[in-house]
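I have placed the structure first, in the form of C-alpha cells, so that the comments after it can refer back to it.
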Amino acid sequence: MKLAVQLTEALCVFVVIFYLYCRSPAFRPLKPDWPRPRGKVRLYLVFSGIAILGNYLGVPVVGGQAIVNARAVGSTLAGLLGGPILGMLVGATAGVHRVTALSGAAAFPGAVATTLEGLLGGAVHVAMRRRPERLMTPAVAFATTLVGEILHMGIVLLLTQPHEQAIAIVKAIAGPMVIANPIGAALFMAVLLERQREQDRVAATSSARALKVADRTLRLLARGLDQASAGELAAIVKDETGVGAVGVTDTERVLGWAGIGGDHHRPGAPIASPYTRQSIADNAVVFADGVRQVYDCTVSPTCQLGSVLIAPLQVDGVVVGTVQLFETRGRRFLNMNRSLGEGLGAVLSSQLLIARYQEQKSLLVMSELKLAQAQVNPHFLFNALNTIIAILRRDADRARDLLIHLSNFFRKNLKRSSDLSTLEEELEHVRAYLEIEKARFEGRILVETDVDPELLSLQMPAFTLQPLVENAFKHGLSETLGAGRATIRAYREDGVALIEVEDNAGAWTEPRQRAGLGMHIVDKRVKNLFGEAFGLSVTCVPHELTRVTVRLPTKGATA
C-alpha cells in the first residue's frame with residue numbers, strides 16, 4: 001500500500017509537469033500528421049525528462065535491487081503520440097539512465113522493458129494512425145501501458161538472476177506498477193485531450209467571429225483597400241474582437257485606426273513600427289506578446305499599447321497591407337484574440353482577392369463590350385452611304401430619314417457604356433440598322449417582329465441582338481437570289497425567355513459558329529452573366545432557314 005501511495009505521488013508530479021507543458025507555447029494541437037520533426041524533438045525532450053524523473057522518484061525495493069517507478073508512462077506515451085522511433089528513443093534513453101545512474105539486479109531488464117514499452121506504444125500508433133480520434137484516448141493509453149507493464153514483469157522474470165531474486169522483485173513491484181502506471185498514462189492523455197478541446201473551442205469561436213467580420217466587410221472590401229474602407233474595417237474588427245485598438249495599413253502608411261492611440265496613430269502617417277515592416281517583408285504573422293517581446297510605440301512615448309499581433313493582407317501572394325490587433329500594457333493578449341487575428345488576415349486577404357477578381361472581371365466585360373461595339377462591319381457603313389447617295393437622287397426626304405437612322409445607329413454604338421440593356425433598347429438599336437438594310441435591298445427583304453410586350457424590360461448584355469441580326473444579313477439574306485425574310489421573336493417558354501433571329505436563307509454552316517466573333521462574344525457574355533444554363537444556340541435547315549436562339553432568365557422582365 002505504501003509503495004502504491006509513493007508511486008501515485010510521483011505520477012502526480014508528472015501530471016503537473018505535463019499539464020504545464022500543454023499550457024506552454026511549445027504545445028501543438030493533435031492532428032493526423034502531428035507531430036512533425038520539430039514537434040517530435042519537443043516530445044522526446046519532454047517524455048525523456050518524465051521517464052528519467054520516474055527513475056529518480058522511484059522507490060527502491062528488495063534491498064535496492066529494483067525500483068518501483070513510473071518511467072513507463074513517458075516511453076509509452078511517447079510511442080503513442082510520436083510513433084515507434086520516438087517511443088524507442090525515449091525508452092532507450094530512460095533505460096540507459098537506469099543502468100548507468102542507478103544499480104540493481106533489475107536495472108538491465110528494466111531498461112530493456114522500458115525500450116520495448118516505447119516500441120509497443122509506437123506499434124499502437126502505427127495501427128491506429130488513420131483514426132487519431134480513437135488513438136488519442138485515455139482508454140487506449142491505459143490498455144497499452146497495462147500490456148506494457150505486464151510485459152515488463154515477464155522480462156524481469158526472464159532476465160534477472162538468480163531466479164528466486166527475480167520472483168521476489170516481481171512480487172514487490174508488480175502490484176503498484178501494473179495498477180498505477182496505466183492510470184497515470186490515462187490521466188496524461190486526459191490532460192492532453194482537454195487542452196486540445198480548449199484550443200478547438202478557441203479556434204471555433206475565433207472562426208465564428210472571423211466569419212462575422214467577413215460578412216460585415218464583404219461589400220466594404222469590394223471597393224478595395226483605401227483610407228475610407230480601412231477606417232470602417234478597423235472599426236468593425238475592433239467591435240468584434242474587443243481588443244484595445246485595431247490598425248490597417250498598406251505597405252507604406254497607416255490607412256485606418258480604431259481605439260486607443262488614435263491621437264497619434266493617424267491615417268496617412270508612414271509606417272513606423274519595425275514589427276509591421278517585418279510582417280510585410282516576411283509575409284508572415286508577427287506577434288509581440290508584451291512579455292517576451294514588448295511593443296514599444298515609436299510615435300509617442302506615452303502610448304498605452306504594449307502588445308500587438310500583425311497579420312499580412314495579401315493578394316495572389318503579394319502583400320498589399322496589414323491588419324493589426326493591439327492590447328494595452330496592463331491587459332493580457334487573449335489566445336482567442338490571437339487566433340482570431342491570424343484568421344482575420346486569411347479571411348480579409350481572400351476578400352481582397354475576390355474584390356480584385358471582380359475588378360478584373362468588370363474590366364474584361366467592358367473590353368468585350370468595346371469589342372462588340374467595334375464588330376460593326378465597315379462594309380455596312382460604305383454600303384449604307386452608297387445606298388443613301390443613290391436614294392438622294394430621287395427621294396431626298398427618304399435619304400434624310402436614312403441618314404437619321406444611320407446617325408442614331410452609330411450614336412447608340414458609341415455612347416452605350418453600360419454592360420446591360422433591356423430588350424426594348426436592343427430593338428431600338430436594331431431598328432435603325434434594319435431600316436438601312438431594307439432600303440439597300442430595295443424591298444427584296446421583309447422584316448417581321450413578334451415580341452411579347454411583357455419582355456420589353458428583360459435585361460441582357462448590351463449588343464446582344466445587333467450581331468445576330470447583322471449575321472443574318474451578312475451570311476444569309478445578302479446571298480439569296482429571291483425574296484428574303486427575317487423574323488425577330490421574343491417569347492416565354494418553360495419559365496425562360498427565348499429571343500430568336502431567323503432568316504429564310506439557311507446558309508449557316510458549322511465552321512462559322514466559332515468564326516463569327518460577334519456571336520461568340522454574345523454567347524460568352526450571356527453565360528458569364530447568367531450561368532451555363534443560358535446562352536446561344538443555332539438551328540439550320542440548309543436553303544430553308546437559320547434560327548439563332550438566345551436563352552435568358554426571365555428575372556427582371558415585367559410579370
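The chains in the C-alpha cells are called A, B, ... from first to last as shown; in each chain the residues are counted from 1, and the ligands are counted from 1 in the order shown.
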Determine, counting only C-alpha atoms, which protein, DNA and RNA residues have an atom within 8 Å of an atom of region 83-87 of chain A; residues of the same chain fewer than 3 positions away are not included. Present the result as an mmCIF file with N, CA, C and O atoms, in the first residue's frame.
```cif
data_model
loop_
_atom_site.group_PDB
_atom_site.id
_atom_site.type_symbol
_atom_site.label_atom_id
_atom_site.label_comp_id
_atom_site.auth_asym_id
_atom_site.auth_seq_id
_atom_site.Cartn_x
_atom_site.Cartn_y
_atom_site.Cartn_z
ATOM 1 N N LYS A 40 8.415 16.404 -32.701
ATOM 2 C CA LYS A 40 8.945 15.155 -32.140
ATOM 3 C C LYS A 40 10.153 15.419 -31.250
ATOM 4 O O LYS A 40 10.349 14.732 -30.243
ATOM 5 N N TYR A 44 10.320 14.287 -27.490
ATOM 6 C CA TYR A 44 11.432 13.484 -26.983
ATOM 7 C C TYR A 44 11.991 14.082 -25.701
ATOM 8 O O TYR A 44 12.225 13.372 -24.710
ATOM 9 N N SER A 75 7.766 6.574 -21.798
ATOM 10 C CA SER A 75 8.085 5.869 -23.047
ATOM 11 C C SER A 75 6.835 5.443 -23.801
ATOM 12 O O SER A 75 6.769 5.543 -25.037
ATOM 13 N N THR A 76 5.812 4.974 -23.077
ATOM 14 C CA THR A 76 4.589 4.511 -23.748
ATOM 15 C C THR A 76 3.859 5.655 -24.429
ATOM 16 O O THR A 76 3.439 5.552 -25.591
ATOM 17 N N LEU A 77 3.705 6.783 -23.725
ATOM 18 C CA LEU A 77 3.015 7.919 -24.329
ATOM 19 C C LEU A 77 3.817 8.514 -25.486
ATOM 20 O O LEU A 77 3.241 8.977 -26.474
ATOM 21 N N ALA A 78 5.141 8.484 -25.378
ATOM 22 C CA ALA A 78 5.960 8.964 -26.489
ATOM 23 C C ALA A 78 5.698 8.128 -27.738
ATOM 24 O O ALA A 78 5.583 8.656 -28.848
ATOM 25 N N GLY A 79 5.596 6.802 -27.567
ATOM 26 C CA GLY A 79 5.290 5.936 -28.700
ATOM 27 C C GLY A 79 3.904 6.173 -29.252
ATOM 28 O O GLY A 79 3.694 6.227 -30.463
ATOM 29 N N LEU A 80 2.908 6.346 -28.359
ATOM 30 C CA LEU A 80 1.537 6.577 -28.811
ATOM 31 C C LEU A 80 1.407 7.875 -29.594
ATOM 32 O O LEU A 80 0.709 7.941 -30.613
ATOM 33 N N VAL A 90 12.905 7.324 -26.501
ATOM 34 C CA VAL A 90 12.619 7.746 -25.127
ATOM 35 C C VAL A 90 12.863 6.588 -24.168
ATOM 36 O O VAL A 90 13.491 6.746 -23.106
ATOM 37 N N GLY A 91 12.373 5.385 -24.549
ATOM 38 C CA GLY A 91 12.573 4.213 -23.693
ATOM 39 C C GLY A 91 14.033 3.876 -23.517
ATOM 40 O O GLY A 91 14.498 3.572 -22.402
ATOM 41 N N THR A 115 12.345 0.165 -23.098
ATOM 42 C CA THR A 115 12.514 0.362 -24.540
ATOM 43 C C THR A 115 11.405 -0.334 -25.323
ATOM 44 O O THR A 115 10.825 0.231 -26.259
ATOM 45 N N GLU A 117 8.444 -1.094 -24.212
ATOM 46 C CA GLU A 117 7.162 -0.418 -23.980
ATOM 47 C C GLU A 117 7.006 0.786 -24.904
ATOM 48 O O GLU A 117 5.901 1.088 -25.375
ATOM 49 N N GLY A 118 8.117 1.492 -25.167
ATOM 50 C CA GLY A 118 8.056 2.577 -26.143
ATOM 51 C C GLY A 118 7.716 2.074 -27.528
ATOM 52 O O GLY A 118 6.915 2.675 -28.254
ATOM 53 N N LEU A 119 8.334 0.927 -27.911
ATOM 54 C CA LEU A 119 8.019 0.318 -29.205
ATOM 55 C C LEU A 119 6.574 -0.151 -29.265
ATOM 56 O O LEU A 119 5.910 -0.046 -30.309
ATOM 57 N N LEU A 120 6.064 -0.680 -28.150
ATOM 58 C CA LEU A 120 4.663 -1.115 -28.105
ATOM 59 C C LEU A 120 3.730 0.072 -28.345
ATOM 60 O O LEU A 120 2.769 -0.029 -29.126
ATOM 61 N N GLY A 121 3.999 1.191 -27.660
ATOM 62 C CA GLY A 121 3.183 2.386 -27.900
ATOM 63 C C GLY A 121 3.264 2.833 -29.348
ATOM 64 O O GLY A 121 2.259 3.223 -29.955
ATOM 65 N N GLY A 122 4.464 2.753 -29.940
ATOM 66 C CA GLY A 122 4.619 3.111 -31.345
ATOM 67 C C GLY A 122 3.863 2.183 -32.273
ATOM 68 O O GLY A 122 3.307 2.614 -33.289
ATOM 69 N N ALA A 123 3.840 0.873 -31.943
ATOM 70 C CA ALA A 123 3.093 -0.084 -32.769
ATOM 71 C C ALA A 123 1.596 0.241 -32.751
ATOM 72 O O ALA A 123 0.915 0.165 -33.786
ATOM 73 N N HIS A 125 0.387 3.203 -32.266
ATOM 74 C CA HIS A 125 0.300 4.432 -33.059
ATOM 75 C C HIS A 125 0.183 4.111 -34.541
ATOM 76 O O HIS A 125 -0.665 4.675 -35.250
ATOM 77 N N VAL A 126 1.025 3.208 -35.037
ATOM 78 C CA VAL A 126 1.003 2.836 -36.450
ATOM 79 C C VAL A 126 -0.318 2.157 -36.800
ATOM 80 O O VAL A 126 -0.918 2.423 -37.849
#
```
Q: Name the residues in contact with Met189 (chain A) at a cut-off of 8 Å, using only C-alpha atoms, excluding same-chain residues fewer than 2 positions from it; report them as a ChimeraX atom specification.
A: /A:136-138,141,185-187,191-193
Would you mind exporting the chosen residues as a CSV table (one decimal), in the first residue's frame, restricted to N, CA, C and O atoms?
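Below is the file that was written, selection_26.csv:
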```
chain,number,residue,atom,x,y,z
A,136,MET,N,-5.9,8.7,-29.6
A,136,MET,CA,-5.6,9.6,-28.6
A,136,MET,C,-6.7,9.7,-27.5
A,136,MET,O,-7.4,10.7,-27.3
A,137,THR,N,-6.9,8.6,-26.8
A,137,THR,CA,-7.9,8.5,-25.8
A,137,THR,C,-7.3,7.9,-24.5
A,137,THR,O,-6.4,7.1,-24.6
A,138,PRO,N,-7.9,8.2,-23.3
A,138,PRO,CA,-7.4,7.6,-22.1
A,138,PRO,C,-7.5,6.1,-22.1
A,138,PRO,O,-6.6,5.5,-21.5
A,141,ALA,N,-4.5,4.6,-23.9
A,141,ALA,CA,-3.3,4.9,-23.1
A,141,ALA,C,-3.3,3.9,-22.0
A,141,ALA,O,-2.2,3.3,-21.7
A,185,ALA,N,-0.9,7.0,-17.2
A,185,ALA,CA,-0.9,7.3,-18.6
A,185,ALA,C,-2.3,7.8,-19.1
A,185,ALA,O,-2.4,8.7,-19.9
A,186,ALA,N,-3.3,7.2,-18.5
A,186,ALA,CA,-4.7,7.6,-18.9
A,186,ALA,C,-4.9,9.1,-18.4
A,186,ALA,O,-5.5,9.9,-19.2
A,187,LEU,N,-4.4,9.4,-17.3
A,187,LEU,CA,-4.5,10.8,-16.8
A,187,LEU,C,-3.8,11.8,-17.7
A,187,LEU,O,-4.2,12.9,-18.0
A,191,VAL,N,-5.4,14.9,-19.8
A,191,VAL,CA,-4.9,16.3,-19.8
A,191,VAL,C,-4.7,16.8,-21.2
A,191,VAL,O,-5.0,17.9,-21.6
A,192,LEU,N,-4.0,16.0,-22.0
A,192,LEU,CA,-3.7,16.3,-23.4
A,192,LEU,C,-5.0,16.6,-24.2
A,192,LEU,O,-5.1,17.6,-24.9
A,193,LEU,N,-6.0,15.8,-24.1
A,193,LEU,CA,-7.2,15.9,-24.8
A,193,LEU,C,-8.0,17.2,-24.4
A,193,LEU,O,-8.6,17.9,-25.2
```
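Each of A:Asn504, A:Val237, A:Val254, A:Phe108 was checked against Ala483 (chain A) using only C-alpha atoms; the smallest atom-to-atom distance is that of A:Asn504.
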**Q.** Shell around region 438-454 of chain A at 6 Å using only C-alpha atoms, local window under 6 positions removed, as a PyMOL selection string
**A.** chain A and resi 387+483-491+558
**Q.** helix (DSSP H, G or I) per DSSP on the backbone: members of region 391-482 of chain A, as number ranges by chain
**A.** A: 391-392, 396-415, 423-440, 453-455, 465-474, 477-479
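Nearest residue to Trp257 (chain A) among A:Gly231, A:Pro60, A:Gly244, A:Gly95 is A:Gly231, counting only C-alpha atoms.
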Q. Residues of region 170-331 of chain A in strand (DSSP E) according to DSSP, as a VMD selection string?
A. chain A and resid 245 to 249 254 to 259 286 to 288 305 to 315 318 to 328
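When CA of Arg253 (chain A) is paired with CA of Cys297 (chain A), their separation reads 15.2 Å.
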Nearby residues (only C-alpha atoms) at most 9 Å from region 270-286 of chain A, same-chain spacing under 3 positions excluded, as a compact mmCIF listing (two decimals) with all heavy atoms, in the first residue's frame:
```txt
# COMPACT_ATOMS: atom_id res chain seq x y z
N THR A 249 -3.07 48.99 -42.49
CA THR A 249 -2.07 49.72 -43.28
C THR A 249 -2.00 49.15 -44.68
O THR A 249 -2.48 48.05 -44.95
CB THR A 249 -0.67 49.60 -42.65
OG1 THR A 249 -0.13 48.28 -42.93
CG2 THR A 249 -0.70 49.82 -41.14
N ASP A 250 -1.43 49.94 -45.58
CA ASP A 250 -0.95 49.36 -46.83
C ASP A 250 0.52 49.04 -46.62
O ASP A 250 0.95 48.85 -45.48
CB ASP A 250 -1.21 50.29 -48.02
CG ASP A 250 -0.55 51.65 -47.88
OD1 ASP A 250 0.34 51.81 -47.01
OD2 ASP A 250 -0.90 52.57 -48.64
N THR A 251 1.33 49.01 -47.62
CA THR A 251 2.74 48.66 -47.44
C THR A 251 3.61 49.87 -47.08
O THR A 251 4.80 49.70 -46.80
CB THR A 251 3.31 48.01 -48.71
OG1 THR A 251 3.12 48.91 -49.81
CG2 THR A 251 2.61 46.70 -49.00
N GLU A 252 3.00 51.07 -47.02
CA GLU A 252 3.80 52.27 -46.75
C GLU A 252 3.28 53.12 -45.61
O GLU A 252 4.04 53.72 -44.88
CB GLU A 252 3.89 53.13 -48.02
CG GLU A 252 4.62 52.47 -49.18
CD GLU A 252 6.09 52.22 -48.87
OE1 GLU A 252 6.65 52.94 -48.02
OE2 GLU A 252 6.67 51.30 -49.47
N ARG A 253 1.94 53.14 -45.41
CA ARG A 253 1.38 54.07 -44.44
C ARG A 253 0.15 53.51 -43.76
O ARG A 253 -0.42 52.51 -44.20
CB ARG A 253 1.06 55.40 -45.12
CG ARG A 253 -0.01 55.33 -46.18
CD ARG A 253 -0.09 56.62 -46.99
NE ARG A 253 1.12 56.83 -47.77
CZ ARG A 253 2.04 57.75 -47.47
NH1 ARG A 253 1.89 58.52 -46.41
NH2 ARG A 253 3.11 57.88 -48.22
N VAL A 254 -0.23 54.16 -42.66
CA VAL A 254 -1.43 53.79 -41.93
C VAL A 254 -2.64 54.26 -42.72
O VAL A 254 -2.73 55.42 -43.13
CB VAL A 254 -1.44 54.44 -40.53
CG1 VAL A 254 -2.73 54.09 -39.78
CG2 VAL A 254 -0.23 53.99 -39.72
N PRO A 267 -4.31 58.07 -39.68
CA PRO A 267 -4.32 57.65 -41.08
C PRO A 267 -3.55 58.61 -41.95
O PRO A 267 -3.63 59.83 -41.80
CB PRO A 267 -5.82 57.67 -41.44
CG PRO A 267 -6.52 57.44 -40.13
CD PRO A 267 -5.67 58.16 -39.11
N TYR A 295 5.80 45.53 -27.39
CA TYR A 295 5.58 46.52 -28.43
C TYR A 295 5.86 47.91 -27.85
O TYR A 295 5.20 48.35 -26.91
CB TYR A 295 4.14 46.45 -28.94
CG TYR A 295 3.77 47.62 -29.83
CD1 TYR A 295 4.20 47.69 -31.14
CD2 TYR A 295 3.00 48.68 -29.33
CE1 TYR A 295 3.88 48.76 -31.95
CE2 TYR A 295 2.66 49.76 -30.14
CZ TYR A 295 3.11 49.79 -31.45
OH TYR A 295 2.80 50.86 -32.25
N ASP A 296 6.85 48.57 -28.38
CA ASP A 296 7.19 49.93 -27.97
C ASP A 296 6.83 50.88 -29.10
O ASP A 296 7.41 50.82 -30.18
CB ASP A 296 8.69 50.05 -27.65
CG ASP A 296 9.05 49.34 -26.35
OD1 ASP A 296 8.28 49.48 -25.39
OD2 ASP A 296 10.09 48.65 -26.33
N CYS A 297 5.85 51.72 -28.84
CA CYS A 297 5.40 52.67 -29.85
C CYS A 297 6.53 53.64 -30.18
O CYS A 297 7.12 54.26 -29.28
CB CYS A 297 4.16 53.41 -29.36
SG CYS A 297 3.55 54.64 -30.55
N THR A 298 6.84 53.79 -31.45
CA THR A 298 7.89 54.70 -31.88
C THR A 298 7.35 56.07 -32.25
O THR A 298 8.13 56.96 -32.64
CB THR A 298 8.63 54.12 -33.10
OG1 THR A 298 7.68 53.88 -34.15
CG2 THR A 298 9.32 52.81 -32.75
N VAL A 299 6.03 56.25 -32.10
CA VAL A 299 5.42 57.53 -32.46
C VAL A 299 5.24 58.41 -31.23
O VAL A 299 5.52 59.61 -31.25
CB VAL A 299 4.07 57.32 -33.16
CG1 VAL A 299 3.43 58.66 -33.53
CG2 VAL A 299 4.24 56.45 -34.39
N VAL A 308 1.02 43.43 -29.63
CA VAL A 308 0.41 43.55 -30.95
C VAL A 308 0.52 42.23 -31.70
O VAL A 308 1.48 41.48 -31.54
CB VAL A 308 1.09 44.68 -31.78
CG1 VAL A 308 2.57 44.36 -32.02
CG2 VAL A 308 0.37 44.92 -33.09
N LEU A 309 -0.51 41.96 -32.49
CA LEU A 309 -0.46 40.87 -33.46
C LEU A 309 -0.70 41.48 -34.84
O LEU A 309 -1.68 42.20 -35.04
CB LEU A 309 -1.52 39.81 -33.17
CG LEU A 309 -1.47 38.60 -34.13
CD1 LEU A 309 -1.67 37.31 -33.37
CD2 LEU A 309 -2.52 38.72 -35.24
N ILE A 310 0.21 41.23 -35.76
CA ILE A 310 0.14 41.82 -37.09
C ILE A 310 0.01 40.69 -38.11
O ILE A 310 0.86 39.80 -38.17
CB ILE A 310 1.40 42.66 -37.40
CG1 ILE A 310 1.57 43.73 -36.33
CG2 ILE A 310 1.29 43.28 -38.78
CD1 ILE A 310 2.89 44.47 -36.43
N ALA A 311 -1.07 40.72 -38.89
CA ALA A 311 -1.30 39.71 -39.93
C ALA A 311 -1.23 40.38 -41.29
O ALA A 311 -1.89 41.42 -41.52
CB ALA A 311 -2.66 39.05 -39.74
N PRO A 312 -0.45 39.84 -42.22
CA PRO A 312 -0.35 40.46 -43.55
C PRO A 312 -1.62 40.24 -44.37
O PRO A 312 -2.28 39.21 -44.24
CB PRO A 312 0.85 39.74 -44.18
CG PRO A 312 0.89 38.41 -43.50
CD PRO A 312 0.40 38.65 -42.09
N LEU A 313 -1.96 41.21 -45.18
CA LEU A 313 -3.04 41.09 -46.16
C LEU A 313 -2.38 40.93 -47.52
O LEU A 313 -1.53 41.73 -47.90
CB LEU A 313 -3.92 42.34 -46.14
CG LEU A 313 -4.59 42.67 -44.80
CD1 LEU A 313 -5.36 43.99 -44.90
CD2 LEU A 313 -5.52 41.55 -44.36
N GLN A 314 -2.77 39.89 -48.23
CA GLN A 314 -2.10 39.62 -49.49
C GLN A 314 -3.10 39.29 -50.58
O GLN A 314 -4.20 38.81 -50.32
CB GLN A 314 -1.11 38.46 -49.32
CG GLN A 314 -1.74 37.19 -48.74
CD GLN A 314 -0.72 36.07 -48.62
OE1 GLN A 314 -0.07 35.72 -49.58
NE2 GLN A 314 -0.62 35.52 -47.42
N GLY A 317 -0.47 36.21 -53.34
CA GLY A 317 0.84 36.02 -52.74
C GLY A 317 1.64 37.28 -52.54
O GLY A 317 2.75 37.23 -51.99
N VAL A 318 1.11 38.43 -52.96
CA VAL A 318 1.81 39.71 -52.80
C VAL A 318 1.17 40.48 -51.66
O VAL A 318 -0.05 40.69 -51.64
CB VAL A 318 1.75 40.54 -54.10
CG1 VAL A 318 2.44 41.88 -53.91
CG2 VAL A 318 2.38 39.77 -55.25
N VAL A 319 1.98 40.90 -50.69
CA VAL A 319 1.45 41.65 -49.54
C VAL A 319 1.01 43.03 -49.99
O VAL A 319 1.78 43.77 -50.63
CB VAL A 319 2.51 41.76 -48.42
CG1 VAL A 319 1.96 42.59 -47.26
CG2 VAL A 319 2.92 40.37 -47.94
N VAL A 320 -0.23 43.39 -49.65
CA VAL A 320 -0.76 44.71 -50.01
C VAL A 320 -1.02 45.55 -48.77
O VAL A 320 -1.36 46.74 -48.88
CB VAL A 320 -2.06 44.58 -50.83
CG1 VAL A 320 -1.78 43.89 -52.15
CG2 VAL A 320 -3.14 43.86 -50.04
N GLY A 321 -0.87 44.97 -47.58
CA GLY A 321 -1.09 45.72 -46.35
C GLY A 321 -1.11 44.79 -45.15
O GLY A 321 -0.72 43.62 -45.25
N THR A 322 -1.55 45.32 -44.00
CA THR A 322 -1.63 44.51 -42.78
C THR A 322 -2.87 44.90 -41.99
O THR A 322 -3.40 46.02 -42.14
CB THR A 322 -0.40 44.73 -41.87
OG1 THR A 322 -0.42 46.09 -41.36
CG2 THR A 322 0.89 44.48 -42.60
N GLN A 324 -3.78 44.94 -37.82
CA GLN A 324 -3.03 44.89 -36.56
C GLN A 324 -4.00 44.94 -35.39
O GLN A 324 -4.88 45.81 -35.34
CB GLN A 324 -2.07 46.08 -36.47
CG GLN A 324 -1.18 46.24 -37.69
CD GLN A 324 -0.48 47.59 -37.72
OE1 GLN A 324 -0.95 48.55 -37.14
NE2 GLN A 324 0.66 47.64 -38.39
N GLU A 342 -5.06 36.02 -36.47
CA GLU A 342 -4.42 35.23 -37.53
C GLU A 342 -5.44 34.82 -38.58
O GLU A 342 -5.17 34.83 -39.78
CB GLU A 342 -3.74 34.01 -36.91
CG GLU A 342 -2.54 34.38 -36.03
CD GLU A 342 -2.00 33.18 -35.26
OE1 GLU A 342 -2.70 32.15 -35.22
OE2 GLU A 342 -0.91 33.28 -34.70
N GLY A 345 -6.53 37.72 -40.95
CA GLY A 345 -5.60 38.01 -42.04
C GLY A 345 -5.91 37.17 -43.27
O GLY A 345 -5.94 37.68 -44.40
```
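The space between CA of Ala127 (chain A) and CA of Arg71 (chain A) spans 23.4 Å.
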